[in-house]
Structures are given as C-alpha cells and as structure tokens.
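What follows is one structure encoded as structure tokens, with my remarks underneath.
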Amino acid sequence: MASSLPSFTLLLITTLHLAIEIAPSSASDNILSHDSKTSIRVPVHHRDAGKGYTKYELLYRAVQRGKHRLQRFTSSATTPFMGVSPSYSAGGENVCNISMGTPGQNKVYIVDTGSDLCWAQCKPCTNCFTQVTALYDPSKSSTYRNVNCSNQFCKDLLPSSSCDTNNNCMYSYGYGDQSTTQGNLSTDTLTFVTTQGNSTSLAGIVMGCGTNNQGTFSGTDGLIGLGQGPLSLASQQQQGNKKIAYCVVTFASSDVSHIYIGSPPLNKFPNNSQSTPIQKNDAYPTYYYVLIQGISVNGKPLSYPQSSFTLNKDGSGGTIIDSGTTLTYLPAQIIAAIKAPIYSSVKLIPSLFPSASGLSTCWYYTGGPFPNVTMTYHFAGGANMTIPNKNMFIEDSSAFFGFRLICLVTEPSTSLGSSLTPLSIFGNLHQQNYAFKYDLDNKMITFAPQKCSIW
C-alpha cells in the first residue's frame, strides 16, 4: 500500500539502542511468554555513541538523518514492491542489542515505533545488506518455528503476505524510502540481558526471517517494530500490558536513556503526569497521533490558522512525536508565529545565514545561559507540555569573530503530496528529560518531566 503520512495530530516513532533489565525485579535466566505482564527495562544508546564525534558533529549527523526521515514520512509516491508497499518509517537515531533464538544469537536492531514488523536478516540470504554480526541461522535455534498461512498474524500482514508450497507464511514489507524486507514469518525467542548479567526471554515472538533485504539498515541486523499494529512487539504483549515508555537524556551527554517494554513501574510517572488521547488515523494505524490544540510562547498564545493542526480525512496532516528525529518540524506559518515573540525577547544579533548543521533561525552569542524563553504545547484532554529553553535552543559550531551560534530546534515542515496541511514531527530535542508512556490498551499518551539519566 503506497501511502502518504498525515499532518498535525501527534505521532510517536521511537528508534532506540538496547541492553536490558526487568522491572521491578529481575530473575536470572527468566523465560516468559509474551502473555506475561512483566515489563522489561532497556538501556538505550545513541547510534553514534562511542565513535569519537564532537558534539557539533553529532548534531550535524543527527540533523541530516532527521531531514531524510522527514522526507520518508512525507513521501507520497512510493513505488510498490511486488504489489505491496506500506509506507512505514525506516532508520532512526538508535539501535539495540538483543539475542534471538535458542541458544541465543546476538543481534543489533533498530527499534522503531514507526513500524510494526520485527525482523532479522536470516540464512540463506539471497540479497542482504552489510551487517555487524553474522546472519541469523534459524536452523541452529530449537525454538524457531515457521508461521502457517492460516495463522491470524499472517492474515494481519495482508496484502503483504502470501503462502509458499508448504503453506508457510511469506511476507514482503516495504518502507517509505524504498527499503524492503522479504522472507518467512516465524516465531522465536528474544532474550534481553540486564546490566547485572541476568537474562530474561520473551518466548513465541512473531518475527520476520528476512532473506531478501535492502535499504537504509546497514550497520544493523534488522528492526524491532513498536507501533500500534498487531505484529509489533508492543502489541504482542498481554492485554493490559500493551504499553511502552521511554525517557530521553540530554543530547550528546554520556548518560543512558531507557525504554520499557510493557507497563512501567508506577513511580516512573508521578502525580504531575499528564495524558492526552491517541488520535485514530485509519490511513496510518501503525502510528501514534495526538492532537495539538494550541501553542504558547512565554505564556502568550500564538495566533495561526487552526487548520495548521488538522488531521484530514484522507490521513494527511497531523504531528508525529518521534524520538528518531532530532529537530521539531512544524508548518511554516507556525514557525513564523513562534519566531516573532522570540525575536523580541532575545537580545542577541540574528544570523543571516543557516548554521553549519542547516538550522535556519540562529543568533550570535559569546556563551553563557541560553535566552530565557519557554514554549508550551497544549494537547487535547487538557494536557500541557512546557518546553524549557534548553530544549528549544542548541549551540551549533559556526563561529564568526569569536561569536558562536545558538539556534532554534524547530524547522519548517513540508506538505504531503497535494495536501495543503504539512506533516509535523515533535522531535527528540524537545523531549529531553521528559518521560513518555504509550498505552495501546487505553489509547493514551502520558508524559511527565523527569531526570532521564536516573529514570
């Protein structure tokens, strides 16, 4: 199904790097059914961590990936691959370490709330991208099973599934940037290792065993989908436990973020937590949308056309909360409305040129605290999220006669095909030191300010 993404309701797409811990307690060599209500706490690391990049190089690389991700989301003319091409996101800012099979074979995965299917590259592979570990060998796993064509999970993949001569389910799954994976739908065990060295396994997880794969996955072994669709790892949890939660640490810090698969402990979301409904979008049921009803800067509501936030009947419009995109992308008229009060309160010299990372709204400064500006997003259901100045501005590397640049982390979005309503993405710099919970059971997103380095 070729598709174009919607425009200003809020979609969350998370792509994260794992190494894992059970909450609230962990037992050694625990083997759980995916029907268990146990949650798994996963330390997550940025995909460029430990590679020797400076903060400015990290920013440049992250911004460029985010621009490509935006283009994927707004792609309305994907070419069908073997007649099926759901336009999901591919790639992201983080990857994960999980062991697959019995005995376990260690793999590095992208973790993405913008897609559903979990899959790994498998032997025998007719067309595979370069990966960091050996190809997964299903013949060496005692818990690997092919999924029969009569299985509901195979039916859930239609029209992206078919049957082989043995009535085993085959899949063909496409992404918005023309990346694809094909192979056998199967079940196997995923094992998560805690920082204490204990391990916990989820048995019977539906996975794709990809033997024909191409696209933007190089450097990983596959993908863990955490979207709302029935094949995602989140949706495969027991009713009442279909939840994920995460907390994003400060950009370019050495701290570790975490994600929970399953219900997080109650103390992770204190009394000051706020919630907003997940908005339904039949055209893109994988994604997490919420409705933005207004924006204020320094306590004063902005004036802009209310249609800027419209989720249209054709599925276009809306906003994505996306931990896999660094910047926040908003319609141009909203960016203009945001800039006006900021220019009047920031007593610095504006730059006439974009920064080295391509940020378009910048000022020269000599150091010290960032401007005292706050922005609040007003969500449906009465939830309000205030973005502090350290989540609104970032220092870039450009310099001019001893001056450096600080730049807004919001950029204009683009229209989707013929839609007049651009897609918006709520990026991870806005999300720093906030915890988010995505509750698929009750169709709610909850958030609260936290110190994410100790969350």
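Just remember, in the structure tokens the first chain shown is A, the second B, etc., residues are 1-based per chain, and ligands are 1-based in the order shown.
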
message = Need the shell around Pro449 of chain A: protein/DNA/RNA residues with any atom at most 9 Å away, counting only C-alpha atoms. Skip same-chain ones fewer than 3 positions apart. Format as a PyMOL selection string?
response = chain A and resi 269+272-273+385+432-435+452

Item checked: Distance query Pro331 of chain A at most 7 Å, only C-alpha atoms, self and fewer than 5 positions along chain excluded, as a VMD selection string -> chain A and resid 308 412 to 413 422 424

File of the preceding selection, N, CA, C and O atoms, as a PDB file, in the first residue's frame:
```
ATOM      1  N   SER A 308      -3.851  24.472  10.598  1.00  0.00           N
ATOM      2  CA  SER A 308      -2.463  24.005  10.651  1.00  0.00           C
ATOM      3  C   SER A 308      -2.346  22.669  11.363  1.00  0.00           C
ATOM      4  O   SER A 308      -1.420  21.900  11.115  1.00  0.00           O
ATOM      5  N   PRO A 412      10.778  24.498   9.465  1.00  0.00           N
ATOM      6  CA  PRO A 412       9.540  24.339   8.695  1.00  0.00           C
ATOM      7  C   PRO A 412       9.391  22.926   8.157  1.00  0.00           C
ATOM      8  O   PRO A 412      10.352  22.319   7.687  1.00  0.00           O
ATOM      9  N   SER A 413       8.164  22.408   8.226  1.00  0.00           N
ATOM     10  CA  SER A 413       7.856  21.117   7.656  1.00  0.00           C
ATOM     11  C   SER A 413       7.493  21.289   6.194  1.00  0.00           C
ATOM     12  O   SER A 413       7.520  22.394   5.651  1.00  0.00           O
ATOM     13  N   PRO A 422       0.853  20.515   6.103  1.00  0.00           N
ATOM     14  CA  PRO A 422       2.120  19.793   6.209  1.00  0.00           C
ATOM     15  C   PRO A 422       2.117  18.790   7.362  1.00  0.00           C
ATOM     16  O   PRO A 422       1.392  18.947   8.345  1.00  0.00           O
ATOM     17  N   SER A 424       3.853  17.390  10.628  1.00  0.00           N
ATOM     18  CA  SER A 424       4.702  17.942  11.682  1.00  0.00           C
ATOM     19  C   SER A 424       5.276  16.812  12.509  1.00  0.00           C
ATOM     20  O   SER A 424       4.638  15.777  12.695  1.00  0.00           O
TER      21      SER A 424
END
```

Can you tell me, as an NGL selection string, what residues are no more than 7 Å from Asn212 of chain A when counting only C-alpha atoms, ignoring any on the same chain fewer than 6 positions away? :A and (125-128 or 181-183)

For the residues in the current selection, export N, CA and C atoms as a PDB file, in the first residue's frame.
```pdb
ATOM      1  N   CYS A 125      20.536 -16.180   2.735  1.00  0.00           N
ATOM      2  CA  CYS A 125      20.141 -14.844   2.293  1.00  0.00           C
ATOM      3  C   CYS A 125      20.525 -14.641   0.831  1.00  0.00           C
ATOM      4  N   THR A 126      19.539 -14.363   0.008  1.00  0.00           N
ATOM      5  CA  THR A 126      19.794 -14.141  -1.414  1.00  0.00           C
ATOM      6  C   THR A 126      20.228 -12.714  -1.699  1.00  0.00           C
ATOM      7  N   ASN A 127      19.797 -11.783  -0.848  1.00  0.00           N
ATOM      8  CA  ASN A 127      20.148 -10.373  -1.038  1.00  0.00           C
ATOM      9  C   ASN A 127      20.088  -9.683   0.325  1.00  0.00           C
ATOM     10  N   CYS A 128      21.253  -9.414   0.913  1.00  0.00           N
ATOM     11  CA  CYS A 128      21.295  -8.831   2.247  1.00  0.00           C
ATOM     12  C   CYS A 128      22.239  -7.635   2.287  1.00  0.00           C
ATOM     13  N   THR A 181      12.051  -5.600   3.077  1.00  0.00           N
ATOM     14  CA  THR A 181      12.478  -6.893   3.613  1.00  0.00           C
ATOM     15  C   THR A 181      11.463  -7.947   3.184  1.00  0.00           C
ATOM     16  N   GLN A 182      11.975  -9.120   2.780  1.00  0.00           N
ATOM     17  CA  GLN A 182      11.150 -10.252   2.374  1.00  0.00           C
ATOM     18  C   GLN A 182      11.658 -11.506   3.047  1.00  0.00           C
ATOM     19  N   GLY A 183      10.743 -12.437   3.338  1.00  0.00           N
ATOM     20  CA  GLY A 183      11.183 -13.702   3.910  1.00  0.00           C
ATOM     21  C   GLY A 183      10.044 -14.481   4.516  1.00  0.00           C
TER      22      GLY A 183
END
```

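The helix (DSSP H, G or I) portion of segment 257-317 of chain A consists of A:Leu266, A:Asn267, A:Lys268, A:Gln306, A:Ser307, A:Ser308, A:Phe309, with states taken from DSSP on the backbone.
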
Could you write out the selected residues, including N, CA, C and O atoms, as a PDB file, in the first residue's frame?
```pdb
ATOM      1  N   LEU A 266       4.832   2.247  38.530  1.00  0.00           N
ATOM      2  CA  LEU A 266       4.004   3.424  38.769  1.00  0.00           C
ATOM      3  C   LEU A 266       4.829   4.642  39.152  1.00  0.00           C
ATOM      4  O   LEU A 266       4.476   5.778  38.814  1.00  0.00           O
ATOM      5  N   ASN A 267       5.965   4.432  39.853  1.00  0.00           N
ATOM      6  CA  ASN A 267       6.755   5.576  40.307  1.00  0.00           C
ATOM      7  C   ASN A 267       7.503   6.283  39.174  1.00  0.00           C
ATOM      8  O   ASN A 267       8.109   7.332  39.390  1.00  0.00           O
ATOM      9  N   LYS A 268       7.466   5.701  37.971  1.00  0.00           N
ATOM     10  CA  LYS A 268       8.104   6.359  36.830  1.00  0.00           C
ATOM     11  C   LYS A 268       7.247   7.500  36.288  1.00  0.00           C
ATOM     12  O   LYS A 268       7.733   8.325  35.503  1.00  0.00           O
ATOM     13  N   GLN A 306      -6.083  27.608  12.522  1.00  0.00           N
ATOM     14  CA  GLN A 306      -6.337  26.356  13.221  1.00  0.00           C
ATOM     15  C   GLN A 306      -6.224  25.148  12.295  1.00  0.00           C
ATOM     16  O   GLN A 306      -5.995  24.029  12.753  1.00  0.00           O
ATOM     17  N   SER A 307      -6.371  25.376  10.996  1.00  0.00           N
ATOM     18  CA  SER A 307      -6.220  24.272  10.046  1.00  0.00           C
ATOM     19  C   SER A 307      -4.798  23.732  10.020  1.00  0.00           C
ATOM     20  O   SER A 307      -4.543  22.649   9.483  1.00  0.00           O
ATOM     21  N   SER A 308      -3.851  24.472  10.598  1.00  0.00           N
ATOM     22  CA  SER A 308      -2.463  24.005  10.651  1.00  0.00           C
ATOM     23  C   SER A 308      -2.346  22.669  11.363  1.00  0.00           C
ATOM     24  O   SER A 308      -1.420  21.900  11.115  1.00  0.00           O
ATOM     25  N   PHE A 309      -3.274  22.399  12.287  1.00  0.00           N
ATOM     26  CA  PHE A 309      -3.205  21.194  13.102  1.00  0.00           C
ATOM     27  C   PHE A 309      -4.181  20.118  12.645  1.00  0.00           C
ATOM     28  O   PHE A 309      -4.364  19.122  13.328  1.00  0.00           O
TER      29      PHE A 309
END
```

From atom CA of Tyr109 of chain A to atom CA of Val44 of chain A the spacing works out at 11.4 Å

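Atom to atom, atom CA of Asp156 of chain A and atom CA of Tyr171 of chain A stand 10.8 Å apart.
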
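Surrounding segment 441-444 of chain A within 7 Å are Gln239, Gly240, Lys242, Ser275, Thr276, Pro277 and Ile278 of chain A, with only C-alpha atoms counted and residues fewer than 4 positions along the same chain left out.
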
Mind writing the picked residues with C-alpha atoms as a short mmCIF file (atom, residue, chain, number, x, y, z; two decimals), in the first residue's frame?
```
data_model
loop_
_atom_site.label_atom_id
_atom_site.label_comp_id
_atom_site.auth_asym_id
_atom_site.auth_seq_id
_atom_site.Cartn_x
_atom_site.Cartn_y
_atom_site.Cartn_z
CA GLN A 239 -3.95 -7.34 27.10
CA GLY A 240 -3.44 -4.79 29.85
CA LYS A 242 0.38 -3.35 25.72
CA SER A 275 -2.25 12.46 29.48
CA THR A 276 -3.70 13.06 26.04
CA PRO A 277 -5.69 10.66 23.82
CA ILE A 278 -4.07 8.87 20.92
#
```

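Interatomic distance, atom CA of Glu411 of chain A to atom CA of Ala252 of chain A: 20.1 Å.
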
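Across A:Pro371, A:Gly114, A:Gly318, A:Gly299, the tightest approach to Ile342 of chain A is made by A:Pro371 when counting only C-alpha atoms.
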
Checklist entry - as a PyMOL selection string, which residues of segment 93-227 of chain A does DSSP assign to strand (DSSP E or B)? => result chain A and resi 94-100+105-112+119-122+127+136+145-146+148+161-163+168-175+180-193+199-214+222-225

| Can you tell me, as a PyMOL selection string, what residues are no more than 12 Å from segment 149-152 of chain A when counting only C-alpha atoms, ignoring any on the same chain fewer than 3 positions away? | chain A and resi 146+155-158+161-171+184-187+206+230-231

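Nearest to Thr102 of chain A of all the residues A:Asp314, A:Asp322, A:Asp48, A:Asp188 is A:Asp188, counting only C-alpha atoms.
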
Counting only C-alpha atoms, the residue among A:Tyr365, A:Phe129, A:Tyr136, A:Tyr260 that lies closest to Ser179 of chain A is A:Phe129

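Nearest to Tyr289 of chain A of all the residues A:Pro354, A:Pro301, A:Pro264, A:Gly315 is A:Gly315, based on only C-alpha atoms.
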